[in-house]
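Enquirer: The structure's right below; bear with me while I get my questions together.
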Amino acid sequence: MDFSLSEEEKAIRDTARAFIQKEVQPLEQEVLRREREHRPGLDRSELRELQLKARQFGFWGLSTPSEYGGMDLPAVLQSLIWTEVGRSFVPFRFGGEADNILYFANDEQRQEYLVPTIEGERVSCFAITEPGAGSDAANISFAARRDGDDWVLTGEKTFITNGNDADFTIVIAVTDKDKDVRKGGATAFLVDRAMGWRSEFIQTMGEGGPASLVFDEVRVPSRNILGEVGQGFDLAMRWIGKGRYIIPSHALGIAERALKMALEHATTRHTFGRPIGDNQAIQWMLADSEVELEAARWLVLRAAWTVDQGQDPRHASSMAKLYGAAMVNHVVDRVMQIHGGMGYTRELPIERWYRQVRLLRIFEGTDEMQRLIIARDLLRGYTQIGGHLA
Ligand SMILES: Cc1cc2nc3c(=O)[nH]c(=O)nc-3n(C[C@H](O)[C@H](O)[C@H](O)COP(=O)(O)OP(=O)(O)OC[C@H]3O[C@@H](n4cnc5c(N)ncnc54)[C@H](O)[C@@H]3O)c2cc1C
């Protein structure tokens, strides 16, 4: 068993780290200042400029196939790079990416949606959640009715990331009420904002915010169906599956950075004539954070490795998402405690992380849904305890 990274993996990770340190971290104070004024930390053109700079560093399309100009990296490397991105709270992500399910597009749709999304000329969003259906995604009621060669879409999607900025959405709609949506009853549509849907911003405890998408008899031509009629739920699960190892990879970077701040504070802040880090109470918080961080790291890397092995990654990814999200919440909470009153102020990014990481336990499958998947796999005998070493 070899837990080390290859020289190539280290070199790519280190280059990503250098980019984040040199180009992204210097923007942090400005991002905090803007967010305090309830403005976006980065606007769309600034993000794009940074992404183009990263492209010069060689970082473009981490998961994008090389025929579209991307790096087509293995999942383990993508995970390592997302951890580097997590080290800064600037809302940055590398460019050249598109939703994984846009590769199900036909040739015409690829030119209209996939390629411009990769190039950063168009912004997409993915919409399955509805006011009446979140965890229970099979309960969606957003309907598409056939009318000649068109479909007419009516209903509301909610909590849609990028819903306010998107030029188009990949929306999952019920196309056959008589069928279970998991068995052919739902279809994915590519719908331009210009076709008539509108978005309504939702205030959350985090920075930025998702949106509700409102469709009132929006007419969509059949050629805008993504994949096949009836394939919508399957595509939706593929979209969600990708995030299950990326989200905790990002969380590792946040936890590492926050824990480093706590270590520094523990040695420089004095009370009762000595550094607070001399107290066992503080040491235990540091030790528990380090243990949980390392445990999460190996769950995350194993989930990514499972993807690279072409194995079914769902069980490993659910464990990584569940534990990674819990870990970063524990770590940031302890880091705030170690910083005392300063940790609670907006002078430091800790309270921002505290608000940000709470979401990780909720979106793209809540903690409870991950537990449900993990327990169900065990109870049905689909996964054996410790079975990956068999
Ligand atoms: C900021 C943000 C961004 C988002 N981005 C997107 C997006 O881009 N696209 C999109 O489609 N959706 C998005 N979502 C939606 C998100 O995926 C859902 O909020 C999430 O799946 C939970 O669904 P819900 O909010 O309806 O909660 P519910 O499903 O109503 O659940 C409420 C509570 O009950 C628990 N629960 C439900 N069923 C069970 C059960 N059987 N057993 C035990 N506990 C249960 C849940 O775990 C949760 O704690 C986003 C949400 C947020 C907050």
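Numbering starts fresh at 1 for the residues of each chain in the structure tokens, the chains themselves are lettered A, B, ... in the order given, and ligands are numbered from 1 as they appear.
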I need the residues in range 82-122 of chain A that are alpha helix (DSSP H) according to DSSP; give them as an MDAnalysis selection string.
Expert: chainID A and resid 82:86 107:109 115:118
Enquirer: Give me, as a tab-separated table, the closest atom pair and its distance (Å, one decimal) for every residue of chain A within a cut-off of 9 Å of ligand 1, counting only C-alpha atoms and all ligand atoms, rows sorted by chain and rising number.
Expert:
residue	atom	partner	partner_atom_place_in_ligand_line	distance
A:Cys125	CA	ligand 1	8 (O)	6.3
A:Phe126	CA	ligand 1	9 (N)	5.1
A:Ala127	CA	ligand 1	11 (O)	3.9
A:Ile128	CA	ligand 1	11 (O)	3.7
A:Thr129	CA	ligand 1	11 (O)	3.9
A:Glu130	CA	ligand 1	26 (O)	7.1
A:Pro131	CA	ligand 1	26 (O)	6.7
A:Gly132	CA	ligand 1	26 (O)	6.7
A:Ala133	CA	ligand 1	26 (O)	5.3
A:Gly134	CA	ligand 1	26 (O)	3.2
A:Ser135	CA	ligand 1	29 (O)	3.6
A:Asp136	CA	ligand 1	29 (O)	5.7
A:Ala137	CA	ligand 1	21 (O)	7.8
A:Lys157	CA	ligand 1	11 (O)	7.3
A:Thr158	CA	ligand 1	12 (N)	6.7
A:Phe159	CA	ligand 1	50 (C)	4.4
A:Ile160	CA	ligand 1	7 (C)	3.9
A:Thr161	CA	ligand 1	8 (O)	3.8
A:Asn162	CA	ligand 1	8 (O)	6.9
A:Gly163	CA	ligand 1	8 (O)	7.5
A:Val171	CA	ligand 1	11 (O)	8.4
A:Ile172	CA	ligand 1	11 (O)	8.7
A:Ile202	CA	ligand 1	1 (C)	8.7
A:Thr204	CA	ligand 1	1 (C)	7.0
A:Met205	CA	ligand 1	1 (C)	8.8
A:Gly206	CA	ligand 1	1 (C)	7.5
A:Gly208	CA	ligand 1	1 (C)	8.7
A:Gly209	CA	ligand 1	1 (C)	6.1
A:Pro210	CA	ligand 1	1 (C)	5.5
A:Ala211	CA	ligand 1	3 (C)	8.3
A:Ala236	CA	ligand 1	11 (O)	8.6
A:Ile240	CA	ligand 1	17 (O)	8.8
A:Leu359	CA	ligand 1	53 (C)	6.2
A:Leu360	CA	ligand 1	53 (C)	8.9
A:Arg361	CA	ligand 1	47 (O)	8.8
A:Ile362	CA	ligand 1	20 (C)	5.6
A:Phe363	CA	ligand 1	17 (O)	4.0
A:Glu364	CA	ligand 1	17 (O)	4.4
A:Gly365	CA	ligand 1	21 (O)	4.9
A:Thr366	CA	ligand 1	47 (O)	4.7
A:Asp367	CA	ligand 1	47 (O)	6.0
A:Glu368	CA	ligand 1	47 (O)	4.3
A:Met369	CA	ligand 1	47 (O)	5.7
A:Gln370	CA	ligand 1	47 (O)	8.7
A:Arg371	CA	ligand 1	43 (C)	8.6
A:Leu372	CA	ligand 1	42 (N)	7.0
Enquirer: Counting only C-alpha atoms, what is within 6 Å of Phe168 in chain A, bar same-chain residues fewer than 3 positions away, as JSON, numbers by chain?
Expert: {"A": [124, 191, 192, 193]}
Enquirer: Would you pick out the contacts of Arg238 in chain A at 12 Å or less, using only C-alpha atoms, so that residues sharing its chain but fewer than 6 positions from it are not included, and give the list as a count of residues only?
Expert: 14
Enquirer: So which bits of range 155-328 of chain A end up strand (DSSP E or B) when you DSSP the backbone, as a PyMOL selection string?
Expert: chain A and resi 155-160+168-174+186-192+198-201+211-221+225-226+270-271+274-275
